[in-house]
file protein.txt (compact mmCIF, C-alpha atoms)
# COMPACT_ATOMS: atom_id res chain seq x y z
CA MET A 303 -3.09 78.73 118.56
CA ASN A 304 0.36 78.75 117.07
CA PHE A 305 1.32 75.74 114.95
CA GLU A 306 5.00 76.21 115.62
CA HIS A 307 4.33 76.34 119.35
CA VAL A 308 2.27 73.14 119.23
CA LEU A 309 4.89 71.36 117.13
CA ALA A 310 7.68 72.46 119.47
CA HIS A 311 5.64 71.39 122.50
CA HIS A 312 4.99 68.03 120.87
CA LEU A 313 8.49 67.30 119.67
CA ILE A 314 10.96 69.04 121.97
CA ASP A 315 12.12 66.95 124.86
CA GLU A 316 11.74 68.66 128.24
CA LYS A 317 13.77 67.10 131.07
CA PHE A 318 11.98 66.06 134.24
CA PHE A 319 15.01 67.14 136.28
CA HIS A 320 18.60 68.17 135.68
CA PHE A 321 21.49 65.93 136.62
CA MET A 322 24.77 67.48 135.56
CA VAL A 323 27.70 65.12 134.90
CA GLY A 324 30.44 67.56 133.98
CA PRO A 325 29.02 69.72 131.20
CA VAL A 326 26.44 67.11 130.19
CA ASP A 327 22.90 67.09 131.58
CA MET A 328 22.08 63.41 132.17
CA GLY A 329 18.64 64.18 133.59
CA LEU A 330 15.81 61.87 132.49
CA SER A 331 13.24 63.00 129.95
CA PRO A 332 10.12 61.56 128.23
CA VAL A 333 12.23 60.48 125.26
CA ILE A 334 14.57 58.45 127.46
CA LEU A 335 11.65 56.84 129.26
CA SER A 336 9.96 56.06 125.95
CA MET A 337 13.19 54.58 124.67
CA TRP A 338 13.52 52.41 127.77
CA GLY A 339 9.91 51.39 127.44
CA ALA A 340 10.48 50.40 123.83
CA ALA A 341 13.68 48.55 124.78
CA ALA A 342 11.95 46.71 127.62
CA LEU A 343 9.01 45.70 125.42
CA LEU A 344 11.40 44.62 122.71
CA THR A 345 13.47 42.53 125.12
CA GLY A 346 10.37 40.85 126.52
CA PHE A 347 8.95 40.19 123.06
CA LEU A 348 12.18 38.81 121.66
CA ALA A 349 12.88 36.69 124.75
CA LEU A 350 9.38 35.25 124.37
CA ALA A 351 9.87 34.69 120.65
CA SER A 352 13.26 33.05 121.01
CA ARG A 353 11.96 30.42 123.46
CA ALA A 354 8.69 29.83 121.62
CA GLN A 355 7.30 27.43 124.20
CA SER A 356 3.81 28.90 124.57
CA SER A 357 1.41 29.50 121.70
CA VAL A 358 1.97 33.26 122.13
CA GLY A 359 5.70 32.61 121.93
CA ARG A 360 5.27 30.66 118.71
CA LEU A 361 3.16 33.46 117.29
CA ALA A 362 5.86 36.01 118.21
CA ARG A 363 8.45 33.71 116.70
CA GLY A 364 6.46 33.64 113.48
CA PHE A 365 7.02 37.39 113.22
CA VAL A 366 10.62 37.53 114.38
CA GLU A 367 12.15 34.52 112.66
CA PRO A 368 11.44 35.48 109.03
CA ALA A 369 12.83 38.98 109.72
CA VAL A 370 15.96 37.52 111.35
CA LEU A 371 16.48 35.05 108.52
CA PHE A 372 15.91 37.73 105.89
CA LEU A 373 18.41 40.07 107.53
CA ARG A 374 20.95 37.29 107.93
CA GLU A 375 20.67 35.63 104.51
CA GLU A 376 19.59 38.41 102.17
CA SER A 377 21.09 41.55 103.73
CA LEU A 378 24.13 40.66 105.83
CA ARG A 379 25.47 37.47 104.22
CA PRO A 380 26.27 39.18 100.86
CA ILE A 381 28.21 41.88 102.74
CA PHE A 382 30.04 39.97 105.48
CA GLY A 383 30.24 36.44 104.05
CA GLU A 384 31.60 34.02 106.62
CA HIS A 385 31.87 36.80 109.27
CA THR A 386 28.07 37.24 109.23
CA ASP A 387 27.41 35.33 112.46
CA HIS A 388 29.99 37.47 114.28
CA PHE A 389 28.20 40.72 113.40
CA LEU A 390 24.70 39.29 113.53
CA PRO A 391 23.77 40.24 117.15
CA TYR A 392 24.75 43.89 116.60
CA PHE A 393 22.79 44.34 113.39
CA LEU A 394 19.76 42.37 114.55
CA THR A 395 19.66 44.52 117.70
CA LEU A 396 20.12 47.68 115.63
CA PHE A 397 17.22 46.81 113.37
CA PHE A 398 14.84 45.74 116.10
CA PHE A 399 15.80 48.61 118.42
CA LEU A 400 15.18 51.21 115.71
CA LEU A 401 11.97 49.46 114.70
CA ALA A 402 10.78 49.37 118.32
CA CYS A 403 11.66 53.05 118.82
CA ASN A 404 10.00 54.06 115.54
CA LEU A 405 6.82 52.13 116.30
CA PHE A 406 6.74 53.08 119.99
CA GLY A 407 6.95 56.73 118.97
CA LEU A 408 3.71 56.25 117.04
CA VAL A 409 1.83 55.14 120.15
CA PRO A 410 -0.20 58.03 121.58
CA LEU A 411 1.10 59.62 124.81
CA THR A 412 4.67 58.44 124.21
CA ALA A 413 7.46 60.72 123.08
CA GLY A 414 8.74 60.23 119.55
CA THR A 415 12.14 58.67 120.19
CA THR A 416 13.67 58.59 116.74
CA SER A 417 12.00 61.86 115.81
CA ASN A 418 14.24 63.58 118.35
CA ILE A 419 17.51 64.30 116.55
CA ALA A 420 19.66 63.16 119.49
CA VAL A 421 18.58 59.52 119.08
CA PRO A 422 19.38 59.14 115.35
CA ALA A 423 22.58 61.11 116.01
CA ALA A 424 23.57 58.72 118.79
CA MET A 425 22.83 55.73 116.52
CA ALA A 426 24.93 57.33 113.78
CA VAL A 427 27.76 57.76 116.31
CA CYS A 428 27.47 54.04 117.06
CA THR A 429 27.73 53.32 113.34
CA LEU A 430 30.78 55.61 113.10
CA GLY A 431 32.39 53.83 116.03
CA MET A 432 31.56 50.47 114.47
CA ILE A 433 33.13 51.50 111.13
CA PHE A 434 36.39 52.58 112.79
CA ILE A 435 36.59 49.81 115.39
CA VAL A 436 35.83 46.99 112.93
CA GLY A 437 38.05 48.50 110.23
CA ILE A 438 41.02 48.97 112.56
CA ARG A 439 40.56 45.55 114.14
CA GLU A 440 40.35 43.81 110.77
CA GLN A 441 43.18 45.65 109.04
CA GLY A 442 45.29 47.24 111.79
CA LEU A 443 45.50 50.94 112.58
CA VAL A 444 48.05 51.93 109.92
CA ASP A 445 46.67 49.72 107.17
CA TYR A 446 43.16 50.94 107.80
CA PHE A 447 44.02 54.58 107.25
CA ALA A 448 46.43 53.68 104.43
CA HIS A 449 43.59 51.88 102.64
CA LEU A 450 41.12 54.73 103.07
CA ALA A 451 42.23 56.18 99.74
CA PRO A 452 42.56 53.75 96.82
CA SER A 453 46.14 52.57 96.24
CA GLY A 454 48.00 53.23 93.00
CA VAL A 455 47.04 56.89 92.93
CA PRO A 456 49.79 59.52 92.51
CA TRP A 457 50.60 61.28 95.79
CA PRO A 458 49.37 64.79 94.87
CA VAL A 459 45.93 63.27 94.25
CA LEU A 460 46.26 61.33 97.48
CA ILE A 461 46.65 64.55 99.45
CA VAL A 462 43.24 65.62 98.21
CA LEU A 463 41.66 62.17 98.21
CA PHE A 464 42.53 61.15 101.76
CA PRO A 465 40.64 63.99 103.47
CA ILE A 466 37.73 63.50 101.11
CA GLU A 467 37.51 59.80 101.99
CA LEU A 468 37.80 60.59 105.71
CA ILE A 469 35.12 63.27 105.50
CA GLY A 470 33.06 60.83 103.43
CA ILE A 471 32.84 58.45 106.38
CA PHE A 472 31.49 61.22 108.61
CA ALA A 473 29.17 62.40 105.85
CA LYS A 474 27.75 58.88 105.51
CA CYS A 475 26.97 58.77 109.23
CA PHE A 476 25.57 62.29 109.14
CA SER A 477 23.28 61.31 106.27
CA LEU A 478 22.17 58.25 108.24
CA CYS A 479 21.21 60.46 111.15
CA ILE A 480 19.39 63.05 109.03
CA ARG A 481 17.57 60.43 106.95
CA LEU A 482 16.11 58.66 109.97
CA PHE A 483 15.35 61.88 111.86
CA ALA A 484 13.71 63.61 108.90
CA ASN A 485 11.61 60.63 107.94
CA MET A 486 10.35 60.09 111.45
CA ILE A 487 9.69 63.75 112.26
CA ALA A 488 8.01 64.25 108.88
CA GLY A 489 5.29 61.79 109.90
CA HIS A 490 4.59 63.77 113.07
CA VAL A 491 4.66 67.09 111.22
CA VAL A 492 2.32 65.84 108.49
CA SER A 493 -0.12 64.31 110.98
CA LEU A 494 -0.09 67.43 113.11
CA SER A 495 -0.56 69.63 110.04
CA PHE A 496 -3.64 67.72 108.97
CA LEU A 497 -5.08 67.87 112.48
CA PHE A 498 -4.23 71.58 112.69
CA LEU A 499 -6.40 72.19 109.63
CA ILE A 500 -9.37 71.74 111.97
CA PHE A 501 -8.23 74.67 114.13
CA VAL A 502 -7.36 76.80 111.10
CA PHE A 503 -10.82 76.28 109.66
CA SER A 504 -12.61 76.68 112.97
CA GLY A 505 -10.75 79.99 113.31
CA MET A 506 -12.86 81.12 110.32
CA SER A 507 -16.07 79.61 111.65
CA HIS A 508 -16.97 76.71 113.93
CA ALA A 509 -19.23 75.20 111.23
CA VAL A 510 -16.40 75.06 108.67
CA GLY A 511 -14.07 73.62 111.31
CA ALA A 512 -16.61 70.89 112.16
CA ALA A 513 -17.07 70.12 108.45
CA ALA A 514 -13.30 69.89 107.91
CA ALA A 515 -12.75 67.64 110.94
CA PRO A 516 -13.64 64.22 109.36
CA GLY A 517 -11.46 64.91 106.32
CA ALA A 518 -8.59 66.16 108.42
CA VAL A 519 -8.78 63.20 110.80
CA GLY A 520 -8.95 60.82 107.81
CA LEU A 521 -5.88 62.38 106.24
CA ALA A 522 -4.04 62.33 109.58
CA LEU A 523 -4.96 58.67 109.94
CA PHE A 524 -3.66 57.97 106.45
CA ALA A 525 -0.38 59.75 107.28
CA TYR A 526 -0.24 57.74 110.50
CA LEU A 527 -0.60 54.44 108.65
CA LEU A 528 2.05 55.59 106.21
CA ASP A 529 4.25 56.22 109.26
CA VAL A 530 3.93 52.57 110.27
CA LEU A 531 5.31 51.60 106.89
CA VAL A 532 8.04 54.23 107.16
CA ALA A 533 8.96 52.91 110.62
CA PHE A 534 9.81 49.49 109.15
CA LEU A 535 11.42 50.96 106.06
CA GLN A 536 13.71 53.41 107.88
CA ALA A 537 14.77 50.85 110.49
CA TYR A 538 15.75 48.52 107.63
CA ILE A 539 17.48 51.25 105.63
CA PHE A 540 19.51 52.42 108.63
CA THR A 541 20.54 48.82 109.37
CA ILE A 542 21.45 47.85 105.82
CA LEU A 543 23.38 51.10 105.21
CA THR A 544 25.29 50.62 108.46
CA ALA A 545 26.09 47.08 107.29
CA VAL A 546 27.28 48.39 103.93
CA PHE A 547 29.52 51.04 105.54
CA VAL A 548 30.97 48.57 108.06
CA GLY A 549 31.40 46.06 105.25
CA MET A 550 33.38 48.63 103.27
CA SER A 551 35.76 49.05 106.19
CA VAL A 552 36.17 45.27 106.48
CA HIS A 553 36.92 44.82 102.78
CA PRO A 554 38.44 48.11 101.61
CA HIS A 555 38.40 47.34 97.89
CA MET B 428 12.17 75.60 116.59
CA ASP B 429 15.98 75.69 116.51
CA LYS B 430 15.95 73.36 119.48
CA LEU B 431 14.50 70.66 117.21
CA LEU B 432 17.79 70.45 115.33
CA GLN B 433 20.10 70.65 118.35
CA PRO B 434 20.92 67.17 119.63
CA ASP B 435 20.97 66.97 123.41
CA PRO B 436 24.31 65.39 124.48
CA GLY B 437 22.76 63.82 127.59
CA LEU B 438 20.08 62.13 125.50
CA MET B 439 22.71 60.97 123.00
CA ILE B 440 24.78 59.40 125.76
CA TRP B 441 21.71 57.73 127.25
CA THR B 442 20.78 56.41 123.80
CA ILE B 443 24.25 54.97 123.20
CA ILE B 444 24.29 53.37 126.65
CA THR B 445 20.79 51.98 126.18
CA PHE B 446 21.63 50.62 122.76
CA LEU B 447 24.90 48.98 123.79
CA VAL B 448 23.30 47.44 126.88
CA LEU B 449 20.47 46.20 124.68
CA VAL B 450 22.98 44.63 122.29
CA ALA B 451 24.50 42.75 125.22
CA ILE B 452 21.15 41.74 126.73
CA LEU B 453 19.58 40.62 123.46
CA LYS B 454 22.68 38.70 122.49
CA LYS B 455 22.23 36.62 125.63
CA ALA B 456 18.46 36.61 125.93
CA ALA B 457 17.21 36.49 122.37
CA TRP B 458 19.66 36.01 119.54
CA GLY B 459 21.59 33.20 121.16
CA PRO B 460 18.58 30.91 121.76
CA LEU B 461 16.85 32.00 118.54
CA LEU B 462 19.86 31.40 116.31
CA ALA B 463 20.65 28.16 118.12
CA ALA B 464 17.07 26.99 117.50
CA ILE B 465 17.33 27.98 113.84
CA GLU B 466 20.67 26.19 113.51
CA ALA B 467 19.28 23.11 115.23
CA ARG B 468 16.30 23.05 112.93
CA GLU B 469 18.44 23.52 109.83
CA ARG B 470 20.79 20.80 111.00
CA ARG B 471 17.87 18.48 111.72
CA LEU B 472 16.40 19.17 108.29
CA GLY B 473 19.78 18.52 106.72
CA GLU B 474 20.17 15.26 108.61
CA GLU B 475 16.67 14.16 107.68
CA ARG B 476 17.31 14.96 104.06
CA ALA B 477 20.61 13.07 104.15
CA ALA B 478 18.91 10.10 105.81
CA ALA B 479 16.12 10.14 103.24
CA GLU B 480 18.63 10.30 100.41
CA LYS B 481 20.59 7.44 101.91
CA ALA B 482 17.43 5.36 102.27
CA ARG B 483 16.50 6.09 98.68
CA ALA B 484 19.97 5.16 97.46
CA GLN B 485 19.75 1.93 99.43
CA ALA B 486 16.33 1.13 98.00
CA GLU B 487 17.63 1.80 94.50
CA ARG B 488 20.64 -0.42 95.15
CA ILE B 489 18.40 -3.23 96.42
CA GLN B 490 16.14 -2.86 93.41
CA ARG B 491 19.13 -2.97 91.09
CA GLU B 492 20.45 -6.07 92.83
CA LEU B 493 17.09 -7.79 92.59
CA GLU B 494 16.85 -6.96 88.92
CA GLU B 495 20.34 -8.30 88.34
CA LYS B 496 19.51 -11.46 90.24
CA LEU B 497 16.27 -11.86 88.34
CA SER B 498 17.97 -11.44 85.00
CA SER B 499 20.68 -13.92 85.97
CA VAL B 500 17.99 -16.39 87.03
CA HIS B 501 16.30 -15.87 83.66
CA ALA B 502 19.55 -16.50 81.83
CA GLN B 503 20.25 -19.56 83.93
CA SER B 504 16.83 -21.03 83.31
CA ARG B 505 17.18 -20.35 79.59
CA GLU B 506 20.54 -22.12 79.64
CA LEU B 507 19.10 -25.10 81.52
CA LEU B 508 16.23 -25.39 79.06
CA ALA B 509 18.65 -25.26 76.14
CA ALA B 510 20.87 -27.88 77.78
CA ALA B 511 17.88 -30.13 78.40
CA ALA B 512 16.77 -29.75 74.79
CA ARG B 513 20.30 -30.53 73.64
CA ASP B 514 20.49 -33.59 75.86
CA GLY B 515 17.13 -34.80 74.67
CA GLU B 516 18.15 -34.36 71.06
CA SER B 517 21.41 -36.25 71.49
CA LEU B 518 19.68 -38.98 73.47
CA ARG B 519 17.10 -39.37 70.73
CA ALA B 520 19.81 -39.53 68.06
CA LYS B 521 21.73 -42.11 70.08
CA LEU B 522 18.64 -44.24 70.64
CA ARG B 523 17.76 -44.03 67.01
CA ALA B 524 21.28 -45.05 65.94
CA ALA B 525 21.20 -47.96 68.39
CA ALA B 526 17.78 -49.03 67.11
CA GLU B 527 18.97 -48.84 63.54
CA ASP B 528 22.08 -50.90 64.39
CA ASP B 529 19.94 -53.52 66.12
CA ALA B 530 17.55 -53.66 63.20
CA ARG B 531 20.42 -54.03 60.75
CA ALA B 532 22.03 -56.73 62.85
CA ILE B 533 18.76 -58.64 63.10
CA LYS B 534 18.24 -58.31 59.38
CA ASP B 535 21.79 -59.49 58.56
CA LYS B 536 21.51 -62.38 60.98
CA THR B 537 18.18 -63.42 59.52
CA ALA B 538 19.57 -63.17 55.98
CA ALA B 539 22.59 -65.29 56.92
CA GLU B 540 20.39 -67.89 58.64
CA LEU B 541 18.13 -68.00 55.63
CA ALA B 542 21.11 -68.46 53.28
CA ALA B 543 22.53 -71.22 55.48
CA GLU B 544 19.14 -72.93 55.65
CA LYS B 545 18.81 -72.71 51.91
CA ASN B 546 22.27 -74.16 51.29
CA LYS B 547 21.55 -76.96 53.70
CA LEU B 548 18.26 -77.69 51.99
CA VAL B 549 19.94 -77.59 48.59
CA ALA B 550 22.65 -79.99 49.74
CA GLU B 551 20.06 -82.29 51.28
CA LEU B 552 18.00 -82.11 48.13
CA ARG B 553 21.02 -82.92 46.05
CA ALA B 554 21.87 -85.92 48.15
CA HIS B 555 18.31 -87.03 48.08
CA VAL B 556 18.02 -86.61 44.31
CA ALA B 557 21.29 -88.52 43.81
CA ASP B 558 20.06 -91.37 45.91
CA LEU B 559 16.76 -91.35 44.18
CA SER B 560 18.37 -91.19 40.73
CA VAL B 561 20.71 -94.06 41.55
CA SER B 562 17.90 -96.15 42.81
CA VAL B 563 15.87 -95.33 39.71
CA ALA B 564 18.79 -96.11 37.44
CA GLU B 565 19.42 -99.38 39.33
CA LYS B 566 15.84 -100.29 38.87
CA LEU B 567 16.02 -99.42 35.19
CA ILE B 568 19.29 -101.15 34.52
CA GLY B 569 18.44 -103.94 36.88
CA LYS B 570 21.77 -104.16 38.27
CA SER B 571 23.86 -102.37 40.63
CA VAL B 572 26.07 -99.80 39.24
CA ASP B 573 29.41 -99.71 40.88
CA ASP B 574 30.29 -96.74 42.84
CA GLY B 575 32.78 -95.41 40.28
CA VAL B 576 30.27 -95.42 37.50
CA GLN B 577 27.59 -94.22 39.77
CA LYS B 578 29.64 -91.23 40.69
CA SER B 579 30.66 -90.35 37.17
CA VAL B 580 27.12 -90.72 35.90
CA LEU B 581 25.82 -88.58 38.72
CA ASP B 582 28.43 -85.92 38.25
CA GLY B 583 27.51 -85.77 34.60
CA PHE B 584 23.88 -85.53 35.54
CA PHE B 585 24.37 -82.71 38.03
CA LYS B 586 26.55 -80.88 35.58
CA ASP B 587 23.78 -81.05 33.04
CA LEU B 588 21.31 -79.99 35.67
CA ASP B 589 23.46 -77.03 36.70
CA ALA B 590 23.98 -76.12 33.05
CA ALA B 591 20.26 -76.31 32.42
CA ARG B 592 19.53 -74.24 35.51
CA GLY B 593 22.24 -71.82 34.54
CA GLY B 594 20.74 -71.57 31.04
CA ARG B 595 17.29 -71.08 32.51
CA GLY B 596 18.61 -68.65 35.03
CA ALA B 597 20.35 -66.73 32.21

call {"tool": "encode", "arguments": {"input": "protein.txt", "output": "structure tokens"}}
result
Amino acid sequence: MNFEHVLAHHLIDEKFFHFMVGPVDMGLSPVILSMWGAAALLTGFLALASRAQSSVGRLARGFVEPAVLFLREESLRPIFGEHTDHFLPYFLTLFFFLLACNLFGLVPLTAGTTSNIAVPAAMAVCTLGMIFIVGIREQGLVDYFAHLAPSGVPWPVLIVLFPIELIGIFAKCFSLCIRLFANMIAGHVVSLSFLFLIFVFSGMSHAVGAAAAPGAVGLALFAYLLDVLVAFLQAYIFTILTAVFVGMSVHPH
Amino acid sequence: MDKLLQPDPGLMIWTIITFLVLVAILKKAAWGPLLAAIEARERRLGEERAAAEKARAQAERIQRELEEKLSSVHAQSRELLAAAARDGESLRAKLRAAAEDDARAIKDKTAAELAAEKNKLVAELRAHVADLSVSVAEKLIGKSVDDGVQKSVLDGFFKDLDAARGGRGA
């Protein structure tokens, strides 16, 4: 049994069918279905929580409302000030979508959505679009790019500084993508590694493999629980960093 | 393994579409009602707090008014008591003065009446003594003394009497 083969089988997304739109294959895959499943569950849960008419709804609300209020008052209000309510739906959706995808990826038999690099990359592209769109809308096209580099700098420095600032925006989004992807795939890799210990040891002898199994399963379970924590943490980090980057393009200095 | 790090463009596009649709759906289905409910609750709490503060301010105002009224009533009653005491005092003084005046008047009147009575008695006594003396002298002399003599004798007599009384009195 090859660990690399198992890992690739577990993590690489194989399309059910191919559906070419131009050069892009829009065929459905387990990751897309998992993502839709997560999105549908999330929508149902949040719709239930926002009405809060049944006792289940009130229970759901008890989970959602503190998170919403925390994001609004503690995370977004210091960045956006009086514009907070305007940006609130985007960032709340971002946080809960990433959280749903992260957690849904931990459910057995589903595909790890955010541990496939395309999903974090797509979310980073959304952040990039948000940075440019919000920045240009708030300041105007010319002003936005004029304010990229700090004013009052001599022009030879500006020639160097402007590309650096521009690249910086892309680098920020790239780091967002890699951070989320690496954190989420690391959980899968660690869990799989611990479970693979059983096969490594049973390759030596079945008795050693059987003896190693409880320890390996325990460690994998521990890594799994850690993943639950990481799922919340990374969803929050992605959201708050996106808010910070968008906030920087709203208020350039 | 390289495939792990190669993002699939189709999946990226699906993700972006899914996410943007989700933003639109959740904005309508979840965040709108949820935030409206939160706003409503915050507004209700604010209104209740404002109402409670208003009620407390009103209660304090009423209490202050009552205290003011009470203190003014106290002051008024003190003033009334003082006025009554003052009136009583002046009335007493007036009554006393009137009583003293009456007493003095009675005393003076009595003294004057006594003096008048005395003078009358003295005059009567004098007349009586004169008559008596004349009759005694007539009896002694045996003849009537004419009025001129009688008068001169009597005047001399009363002078002596007055002198003697004056000497005794001195």

call {"tool": "interface_residues", "arguments": {"input": "protein.txt", "of": "chain A", "to": "chain B", "cutoff": "8 Å", "atoms": "only C-alpha atoms", "output": "PyMOL selection string"}}
result
chain A and resi 306+310+313-314+326-329+334+337-338+341+345+348-349+351-353+367+391-392+395-396+399+418-421+423-425+428

call {"tool": "residues_around", "arguments": {"input": "protein.txt", "residues": "Phe472 (chain A)", "least_positions_apart": "3", "cutoff": "12 Å", "atoms": "only C-alpha atoms", "output": "PDB file with C-alpha atoms, keeping the file's coordinate frame"}}
result
ATOM      1  CA  ALA A 423      22.580  61.110 116.010  1.00  0.00           C
ATOM      2  CA  ALA A 426      24.930  57.330 113.780  1.00  0.00           C
ATOM      3  CA  VAL A 427      27.760  57.760 116.310  1.00  0.00           C
ATOM      4  CA  CYS A 428      27.470  54.040 117.060  1.00  0.00           C
ATOM      5  CA  THR A 429      27.730  53.320 113.340  1.00  0.00           C
ATOM      6  CA  LEU A 430      30.780  55.610 113.100  1.00  0.00           C
ATOM      7  CA  GLY A 431      32.390  53.830 116.030  1.00  0.00           C
ATOM      8  CA  ILE A 433      33.130  51.500 111.130  1.00  0.00           C
ATOM      9  CA  PHE A 434      36.390  52.580 112.790  1.00  0.00           C
ATOM     10  CA  PRO A 465      40.640  63.990 103.470  1.00  0.00           C
ATOM     11  CA  ILE A 466      37.730  63.500 101.110  1.00  0.00           C
ATOM     12  CA  GLU A 467      37.510  59.800 101.990  1.00  0.00           C
ATOM     13  CA  LEU A 468      37.800  60.590 105.710  1.00  0.00           C
ATOM     14  CA  ILE A 469      35.120  63.270 105.500  1.00  0.00           C
ATOM     15  CA  CYS A 475      26.970  58.770 109.230  1.00  0.00           C
ATOM     16  CA  PHE A 476      25.570  62.290 109.140  1.00  0.00           C
ATOM     17  CA  SER A 477      23.280  61.310 106.270  1.00  0.00           C
ATOM     18  CA  LEU A 478      22.170  58.250 108.240  1.00  0.00           C
ATOM     19  CA  CYS A 479      21.210  60.460 111.150  1.00  0.00           C
ATOM     20  CA  PHE A 547      29.520  51.040 105.540  1.00  0.00           C
TER      21      PHE A 547
END

call {"tool": "axis_aligned_box", "arguments": {"input": "protein.txt", "around": "region 464-481 of chain B", "padding_each_side": "3 Å", "output": "JSON"}}
result
{"center_x": 18.5, "center_y": 17.7, "center_z": 109.0, "size_x": 10.7, "size_y": 26.5, "size_z": 23.1}

call {"tool": "atom_distance", "arguments": {"input": "protein.txt", "atom1": "CA of Val580 (chain B)", "atom2": "CA of Val549 (chain B)"}}
result
19.6 Å

call {"tool": "residues_around", "arguments": {"input": "protein.txt", "residues": "Asp315 (chain A)", "least_positions_apart": "3", "cutoff": "7 Å", "atoms": "all atoms listed in the file", "output": "PyMOL selection string"}}
result
chain A and resi 331-333

call {"tool": "atom_distance", "arguments": {"input": "protein.txt", "atom1": "CA of Val530 (chain A)", "atom2": "CA of Leu408 (chain A)"}}
result
7.7 Å

call {"tool": "atom_distance", "arguments": {"input": "protein.txt", "atom1": "CA of Lys545 (chain B)", "atom2": "CA of Gly583 (chain B)"}}
result
23.4 Å

call {"tool": "closest_residue", "arguments": {"input": "protein.txt", "among": "A:Phe496, A:Arg481, A:Phe501, A:Gly414", "to": "His311 (chain A)", "atoms": "all atoms listed in the file"}}
result
A:Gly414

call {"tool": "closest_residue", "arguments": {"input": "protein.txt", "among": "A:Ile461, A:Val455, A:Ile542, A:Leu499", "to": "Phe372 (chain A)", "atoms": "all atoms listed in the file"}}
result
A:Ile542

call {"tool": "decode", "arguments": {"input": "protein.txt", "residues": "region 316-340 of chain A", "atoms": "C-alpha atoms", "output": "PDB file, in the first residue's frame"}}
result
ATOM      1  CA  GLU A 316     -12.068  13.132  -9.847  1.00  0.00           C
ATOM      2  CA  LYS A 317     -14.869  14.468 -12.062  1.00  0.00           C
ATOM      3  CA  PHE A 318     -17.975  12.361 -12.539  1.00  0.00           C
ATOM      4  CA  PHE A 319     -18.200  13.557 -16.154  1.00  0.00           C
ATOM      5  CA  HIS A 320     -16.619  16.170 -18.372  1.00  0.00           C
ATOM      6  CA  PHE A 321     -18.527  19.203 -19.541  1.00  0.00           C
ATOM      7  CA  MET A 322     -16.285  21.499 -21.548  1.00  0.00           C
ATOM      8  CA  VAL A 323     -17.208  25.207 -21.657  1.00  0.00           C
ATOM      9  CA  GLY A 324     -14.484  26.598 -23.876  1.00  0.00           C
ATOM     10  CA  PRO A 325     -11.206  25.445 -22.334  1.00  0.00           C
ATOM     11  CA  VAL A 326     -12.735  24.965 -18.885  1.00  0.00           C
ATOM     12  CA  ASP A 327     -14.117  21.628 -17.701  1.00  0.00           C
ATOM     13  CA  MET A 328     -17.295  22.488 -15.774  1.00  0.00           C
ATOM     14  CA  GLY A 329     -18.106  18.842 -15.063  1.00  0.00           C
ATOM     15  CA  LEU A 330     -19.389  18.058 -11.562  1.00  0.00           C
ATOM     16  CA  SER A 331     -17.156  16.379  -8.994  1.00  0.00           C
ATOM     17  CA  PRO A 332     -17.429  15.173  -5.355  1.00  0.00           C
ATOM     18  CA  VAL A 333     -15.956  18.455  -4.139  1.00  0.00           C
ATOM     19  CA  ILE A 334     -18.635  20.499  -5.903  1.00  0.00           C
ATOM     20  CA  LEU A 335     -21.379  18.248  -4.561  1.00  0.00           C
ATOM     21  CA  SER A 336     -19.916  18.466  -1.056  1.00  0.00           C
ATOM     22  CA  MET A 337     -19.742  22.226  -1.376  1.00  0.00           C
ATOM     23  CA  TRP A 338     -23.371  22.378  -2.486  1.00  0.00           C
ATOM     24  CA  GLY A 339     -24.334  20.073   0.340  1.00  0.00           C
ATOM     25  CA  ALA A 340     -22.549  22.314   2.819  1.00  0.00           C
TER      26      ALA A 340
END
